[in-house]
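Enquirer: The structure file final_39.txt (compact mmCIF, N, CA and C atoms and all ligand atoms) is provided below.
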```
# COMPACT_ATOMS: atom_id res chain seq x y z
N MET Q 53 42.40 -10.19 -102.83
CA MET Q 53 41.01 -10.67 -102.73
C MET Q 53 40.33 -10.55 -104.07
N VAL Q 54 39.38 -11.45 -104.29
CA VAL Q 54 38.57 -11.35 -105.51
C VAL Q 54 37.32 -10.54 -105.18
N ASN Q 55 37.15 -9.46 -105.88
CA ASN Q 55 36.00 -8.58 -105.66
C ASN Q 55 35.16 -8.52 -106.92
N VAL Q 56 33.93 -8.10 -106.76
CA VAL Q 56 33.07 -7.88 -107.92
C VAL Q 56 32.74 -6.39 -107.98
N CYS Q 57 33.03 -5.81 -109.11
CA CYS Q 57 32.77 -4.38 -109.28
C CYS Q 57 31.26 -4.10 -109.28
N LYS Q 58 30.84 -3.10 -108.56
CA LYS Q 58 29.40 -2.83 -108.47
C LYS Q 58 28.86 -2.14 -109.72
N HIS Q 59 29.72 -1.70 -110.59
CA HIS Q 59 29.25 -1.03 -111.79
C HIS Q 59 29.26 -1.95 -113.01
N CYS Q 60 30.38 -2.59 -113.27
CA CYS Q 60 30.45 -3.44 -114.47
C CYS Q 60 30.26 -4.92 -114.14
N GLN Q 61 30.18 -5.24 -112.84
CA GLN Q 61 29.96 -6.61 -112.38
C GLN Q 61 31.08 -7.57 -112.79
N LYS Q 62 32.22 -7.02 -113.10
CA LYS Q 62 33.36 -7.87 -113.44
C LYS Q 62 34.15 -8.17 -112.17
N GLN Q 63 34.76 -9.34 -112.17
CA GLN Q 63 35.61 -9.69 -111.03
C GLN Q 63 36.97 -9.03 -111.20
N TYR Q 64 37.52 -8.60 -110.10
CA TYR Q 64 38.87 -8.05 -110.14
C TYR Q 64 39.56 -8.36 -108.82
N ILE Q 65 40.87 -8.31 -108.88
CA ILE Q 65 41.68 -8.65 -107.71
C ILE Q 65 42.23 -7.37 -107.08
N SER Q 66 42.13 -7.28 -105.78
CA SER Q 66 42.76 -6.15 -105.10
C SER Q 66 43.27 -6.63 -103.74
N PRO Q 67 44.20 -5.90 -103.16
CA PRO Q 67 44.78 -6.33 -101.88
C PRO Q 67 43.78 -6.32 -100.73
N SER Q 68 42.76 -5.50 -100.82
CA SER Q 68 41.76 -5.47 -99.76
C SER Q 68 40.38 -5.52 -100.38
N LYS Q 69 39.39 -5.67 -99.54
CA LYS Q 69 38.02 -5.76 -100.06
C LYS Q 69 37.64 -4.47 -100.74
N GLY Q 70 37.00 -4.59 -101.92
CA GLY Q 70 36.60 -3.41 -102.64
C GLY Q 70 35.29 -3.64 -103.36
N TYR Q 71 34.73 -2.56 -103.88
CA TYR Q 71 33.43 -2.65 -104.53
C TYR Q 71 33.44 -2.06 -105.93
N CYS Q 72 34.59 -1.57 -106.33
CA CYS Q 72 34.65 -0.89 -107.62
C CYS Q 72 36.01 -1.15 -108.27
N CYS Q 73 36.00 -1.59 -109.52
CA CYS Q 73 37.26 -1.86 -110.21
C CYS Q 73 37.91 -0.55 -110.67
N HIS Q 74 39.14 -0.66 -111.07
CA HIS Q 74 39.91 0.52 -111.45
C HIS Q 74 39.24 1.28 -112.59
N ASN Q 75 38.69 0.54 -113.55
CA ASN Q 75 38.08 1.16 -114.72
C ASN Q 75 36.84 1.99 -114.40
N CYS Q 76 36.22 1.70 -113.29
CA CYS Q 76 34.94 2.35 -112.98
C CYS Q 76 35.06 3.41 -111.89
N LYS Q 77 36.25 3.79 -111.53
CA LYS Q 77 36.43 4.77 -110.45
C LYS Q 77 35.69 6.08 -110.72
N ALA Q 78 35.76 6.54 -111.96
CA ALA Q 78 35.11 7.82 -112.29
C ALA Q 78 33.60 7.69 -112.20
N ILE Q 79 33.08 6.56 -112.71
CA ILE Q 79 31.64 6.30 -112.64
C ILE Q 79 31.22 6.22 -111.18
N ASP Q 80 32.04 5.56 -110.40
CA ASP Q 80 31.74 5.38 -108.99
C ASP Q 80 31.53 6.72 -108.29
N LYS Q 81 32.42 7.63 -108.53
CA LYS Q 81 32.35 8.96 -107.92
C LYS Q 81 31.11 9.72 -108.40
N MET Q 82 30.87 9.64 -109.70
CA MET Q 82 29.75 10.35 -110.30
C MET Q 82 28.42 9.82 -109.75
N ARG Q 83 28.28 8.50 -109.72
CA ARG Q 83 27.04 7.90 -109.21
C ARG Q 83 26.82 8.24 -107.75
N TYR Q 84 27.90 8.17 -107.00
CA TYR Q 84 27.81 8.48 -105.58
C TYR Q 84 27.28 9.90 -105.37
N GLU Q 85 27.81 10.84 -106.13
CA GLU Q 85 27.35 12.22 -106.03
C GLU Q 85 25.88 12.34 -106.42
N GLN Q 86 25.50 11.64 -107.49
CA GLN Q 86 24.11 11.69 -107.95
C GLN Q 86 23.17 11.17 -106.87
N ILE Q 87 23.57 10.07 -106.25
CA ILE Q 87 22.73 9.47 -105.20
C ILE Q 87 22.63 10.42 -104.01
N ARG Q 88 23.75 10.99 -103.65
CA ARG Q 88 23.75 11.92 -102.51
C ARG Q 88 22.83 13.12 -102.77
N VAL Q 89 22.92 13.67 -103.96
CA VAL Q 89 22.08 14.81 -104.31
C VAL Q 89 20.61 14.40 -104.29
N TYR Q 90 20.33 13.23 -104.85
CA TYR Q 90 18.96 12.75 -104.88
C TYR Q 90 18.42 12.57 -103.46
N LEU Q 91 19.23 11.98 -102.61
CA LEU Q 91 18.78 11.72 -101.24
C LEU Q 91 18.64 13.00 -100.42
N SER Q 92 19.38 14.02 -100.80
CA SER Q 92 19.23 15.28 -100.08
C SER Q 92 17.90 15.94 -100.44
N LYS Q 93 17.43 15.65 -101.67
CA LYS Q 93 16.13 16.17 -102.10
C LYS Q 93 14.98 15.30 -101.63
N PHE Q 94 15.22 13.98 -101.67
CA PHE Q 94 14.17 13.02 -101.30
C PHE Q 94 14.71 12.04 -100.26
N PRO Q 95 14.86 12.52 -99.05
CA PRO Q 95 15.55 11.72 -98.02
C PRO Q 95 14.84 10.42 -97.64
N ASN Q 96 13.57 10.28 -97.96
CA ASN Q 96 12.86 9.06 -97.59
C ASN Q 96 12.81 8.01 -98.70
N SER Q 97 13.59 8.21 -99.72
CA SER Q 97 13.59 7.26 -100.83
C SER Q 97 14.22 5.95 -100.42
N ASN Q 98 13.78 4.89 -101.07
CA ASN Q 98 14.47 3.61 -100.87
C ASN Q 98 15.36 3.33 -102.08
N ALA Q 99 16.06 2.20 -102.02
CA ALA Q 99 17.06 1.89 -103.06
C ALA Q 99 16.43 1.79 -104.45
N ILE Q 100 15.24 1.21 -104.51
CA ILE Q 100 14.57 1.03 -105.80
C ILE Q 100 14.24 2.39 -106.41
N GLN Q 101 13.71 3.28 -105.59
CA GLN Q 101 13.34 4.61 -106.09
C GLN Q 101 14.56 5.38 -106.57
N VAL Q 102 15.63 5.29 -105.80
CA VAL Q 102 16.86 5.97 -106.18
C VAL Q 102 17.38 5.40 -107.50
N ALA Q 103 17.38 4.09 -107.59
CA ALA Q 103 17.90 3.43 -108.80
C ALA Q 103 17.09 3.82 -110.02
N GLU Q 104 15.77 3.85 -109.87
CA GLU Q 104 14.92 4.21 -111.01
C GLU Q 104 15.11 5.66 -111.40
N ALA Q 105 15.19 6.52 -110.41
CA ALA Q 105 15.33 7.95 -110.69
C ALA Q 105 16.65 8.25 -111.41
N LEU Q 106 17.68 7.52 -111.06
CA LEU Q 106 19.00 7.79 -111.63
C LEU Q 106 19.36 6.84 -112.76
N ASP Q 107 18.44 5.95 -113.09
CA ASP Q 107 18.65 4.99 -114.16
C ASP Q 107 19.87 4.11 -113.91
N ILE Q 108 19.95 3.60 -112.70
CA ILE Q 108 20.99 2.62 -112.37
C ILE Q 108 20.34 1.41 -111.71
N LYS Q 109 21.11 0.36 -111.49
CA LYS Q 109 20.54 -0.84 -110.89
C LYS Q 109 20.40 -0.70 -109.37
N PRO Q 110 19.30 -1.22 -108.82
CA PRO Q 110 19.18 -1.23 -107.35
C PRO Q 110 20.37 -1.94 -106.71
N TYR Q 111 20.87 -2.96 -107.39
CA TYR Q 111 22.05 -3.69 -106.91
C TYR Q 111 23.21 -2.72 -106.62
N THR Q 112 23.42 -1.80 -107.56
CA THR Q 112 24.52 -0.85 -107.40
C THR Q 112 24.30 0.04 -106.18
N VAL Q 113 23.06 0.49 -106.03
CA VAL Q 113 22.74 1.34 -104.87
C VAL Q 113 22.99 0.57 -103.57
N LEU Q 114 22.55 -0.67 -103.55
CA LEU Q 114 22.72 -1.48 -102.34
C LEU Q 114 24.19 -1.74 -102.04
N LYS Q 115 25.00 -1.84 -103.09
CA LYS Q 115 26.44 -2.07 -102.88
C LYS Q 115 27.09 -0.85 -102.21
N TYR Q 116 26.58 0.32 -102.53
CA TYR Q 116 27.10 1.51 -101.85
C TYR Q 116 26.81 1.42 -100.35
N VAL Q 117 25.65 0.87 -100.05
CA VAL Q 117 25.29 0.71 -98.64
C VAL Q 117 26.21 -0.33 -97.98
N ASP Q 118 26.42 -1.44 -98.68
CA ASP Q 118 27.35 -2.48 -98.19
C ASP Q 118 28.72 -1.87 -97.91
N GLU Q 119 29.12 -1.03 -98.82
CA GLU Q 119 30.43 -0.41 -98.74
C GLU Q 119 30.53 0.53 -97.54
N GLY Q 120 29.37 1.00 -97.10
CA GLY Q 120 29.35 1.87 -95.93
C GLY Q 120 29.49 3.34 -96.26
N VAL Q 121 29.44 3.69 -97.54
CA VAL Q 121 29.57 5.10 -97.92
C VAL Q 121 28.22 5.78 -98.04
N LEU Q 122 27.15 4.98 -97.96
CA LEU Q 122 25.82 5.53 -98.14
C LEU Q 122 24.92 4.95 -97.07
N THR Q 123 24.18 5.82 -96.42
CA THR Q 123 23.19 5.31 -95.47
C THR Q 123 21.86 5.96 -95.74
N PHE Q 124 20.85 5.20 -95.51
CA PHE Q 124 19.50 5.70 -95.68
C PHE Q 124 18.88 5.86 -94.31
N GLY Q 125 18.16 6.95 -94.13
CA GLY Q 125 17.50 7.18 -92.86
C GLY Q 125 16.30 6.28 -92.67
N ARG Q 126 15.85 6.14 -91.47
CA ARG Q 126 14.60 5.48 -91.13
C ARG Q 126 14.49 4.02 -91.52
N GLY Q 127 15.61 3.36 -91.77
CA GLY Q 127 15.57 1.91 -91.99
C GLY Q 127 14.77 1.47 -93.20
N GLU Q 128 14.63 2.34 -94.19
CA GLU Q 128 13.86 1.97 -95.36
C GLU Q 128 14.48 0.79 -96.11
N PHE Q 129 15.78 0.71 -96.02
CA PHE Q 129 16.47 -0.34 -96.76
C PHE Q 129 16.15 -1.74 -96.27
N GLU Q 130 15.86 -1.88 -95.01
CA GLU Q 130 15.58 -3.20 -94.47
C GLU Q 130 14.33 -3.82 -95.08
N GLN Q 131 13.49 -2.97 -95.66
CA GLN Q 131 12.24 -3.48 -96.22
C GLN Q 131 12.42 -4.12 -97.58
N ILE Q 132 13.57 -3.96 -98.17
CA ILE Q 132 13.78 -4.48 -99.53
C ILE Q 132 14.27 -5.92 -99.47
ZN ZN Q 201 33.99 -1.92 -112.96
```
In structure tokens, what does this structure look like?
Ligand SMILES: [Zn+2]

Expert:
Amino acid sequence: MVNVCKHCQKQYISPSKGYCCHNCKAIDKMRYEQIRVYLSKFPNSNAIQVAEALDIKPYTVLKYVDEGVLTFGRGEFEQI
């Protein structure tokens, strides 16, 4: 399948659907941890707030949600 990496936005091929290319695996893990820590402190944040606080793109945050590894409480994401 042709996938688009959520970090570098480059297309890459993998046998199954994915959201992160091989080169960005370490970044992926690091960002995920940062977002998790942030959300544990500020559980009512939306994607924009998280992205700004961590200096990453809202797109990247939303891709984590698409991927199913990140969920936000109270349906805040639907408002974006
Ligand atoms: Zn990448």

Enquirer: So which residues are near ligand ZN 201 (chain Q), meaning at most 5 Å away with only N, CA and C atoms and all ligand atoms counted, given back as a list of chain:residue names?

Expert: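 I would give the residues around ligand ZN 201 (chain Q) as Q:Cys57, Q:His59, Q:Cys60, Q:Cys73, Q:Cys76.
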
Enquirer: Would you mind telling me which residue in Q:Phe124, Q:Tyr84, Q:Tyr71, Q:Tyr116 lies nearest to Ser97 (chain Q) when using all atoms listed in the file?

Expert: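 The answer is Q:Phe124, which sits nearest to Ser97 (chain Q).
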
Enquirer: To one decimal place in Å, what is the distance between atom N of Val54 (chain Q) and CA of His74 (chain Q)?

Expert: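 Distance reported for this atom pair: 14.0 Å.
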
Enquirer: Counting only N, CA and C atoms, figure out which residue out of Q:Met53, Q:Gln86, Q:Ile108, Q:Gln101 gets nearest to Ser66 (chain Q).

Expert: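 Using only N, CA and C atoms, the shortest distance to Ser66 (chain Q) belongs to Q:Met53.
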
Enquirer: Which of chain Q end up as alpha helix (DSSP H) when DSSP is run on this backbone - answer as a ChimeraX atom specification?

Expert: /Q:77-93,99-106,110-119

Enquirer: For the strand (DSSP E) assignment from backbone DSSP, which residues of chain Q qualify? Please present them as a short mmCIF file (atom, residue, chain, number, x, y, z; two decimals) with N, CA and C atoms, in the coordinates of the input.

Expert:
```
data_model
loop_
_atom_site.label_atom_id
_atom_site.label_comp_id
_atom_site.auth_asym_id
_atom_site.auth_seq_id
_atom_site.Cartn_x
_atom_site.Cartn_y
_atom_site.Cartn_z
N VAL Q 54 39.38 -11.45 -104.29
CA VAL Q 54 38.57 -11.35 -105.51
C VAL Q 54 37.32 -10.54 -105.18
N ASN Q 55 37.15 -9.46 -105.88
CA ASN Q 55 36.00 -8.58 -105.66
C ASN Q 55 35.16 -8.52 -106.92
N VAL Q 56 33.93 -8.10 -106.76
CA VAL Q 56 33.07 -7.88 -107.92
C VAL Q 56 32.74 -6.39 -107.98
N GLN Q 63 34.76 -9.34 -112.17
CA GLN Q 63 35.61 -9.69 -111.03
C GLN Q 63 36.97 -9.03 -111.20
N TYR Q 64 37.52 -8.60 -110.10
CA TYR Q 64 38.87 -8.05 -110.14
C TYR Q 64 39.56 -8.36 -108.82
N ILE Q 65 40.87 -8.31 -108.88
CA ILE Q 65 41.68 -8.65 -107.71
C ILE Q 65 42.23 -7.37 -107.08
#
```

Enquirer: As an exercise, work out the distance from atom C of Lys109 (chain Q) to atom N of Ser68 (chain Q) in Å and give it to one decimal place.

Expert: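 A separation of 24.4 Å between them.
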
Enquirer: Figure out the distance between CA of Gln61 (chain Q) and CA of Thr112 (chain Q), please, to one decimal in Å.

Expert: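 It comes out at 9.4 Å.
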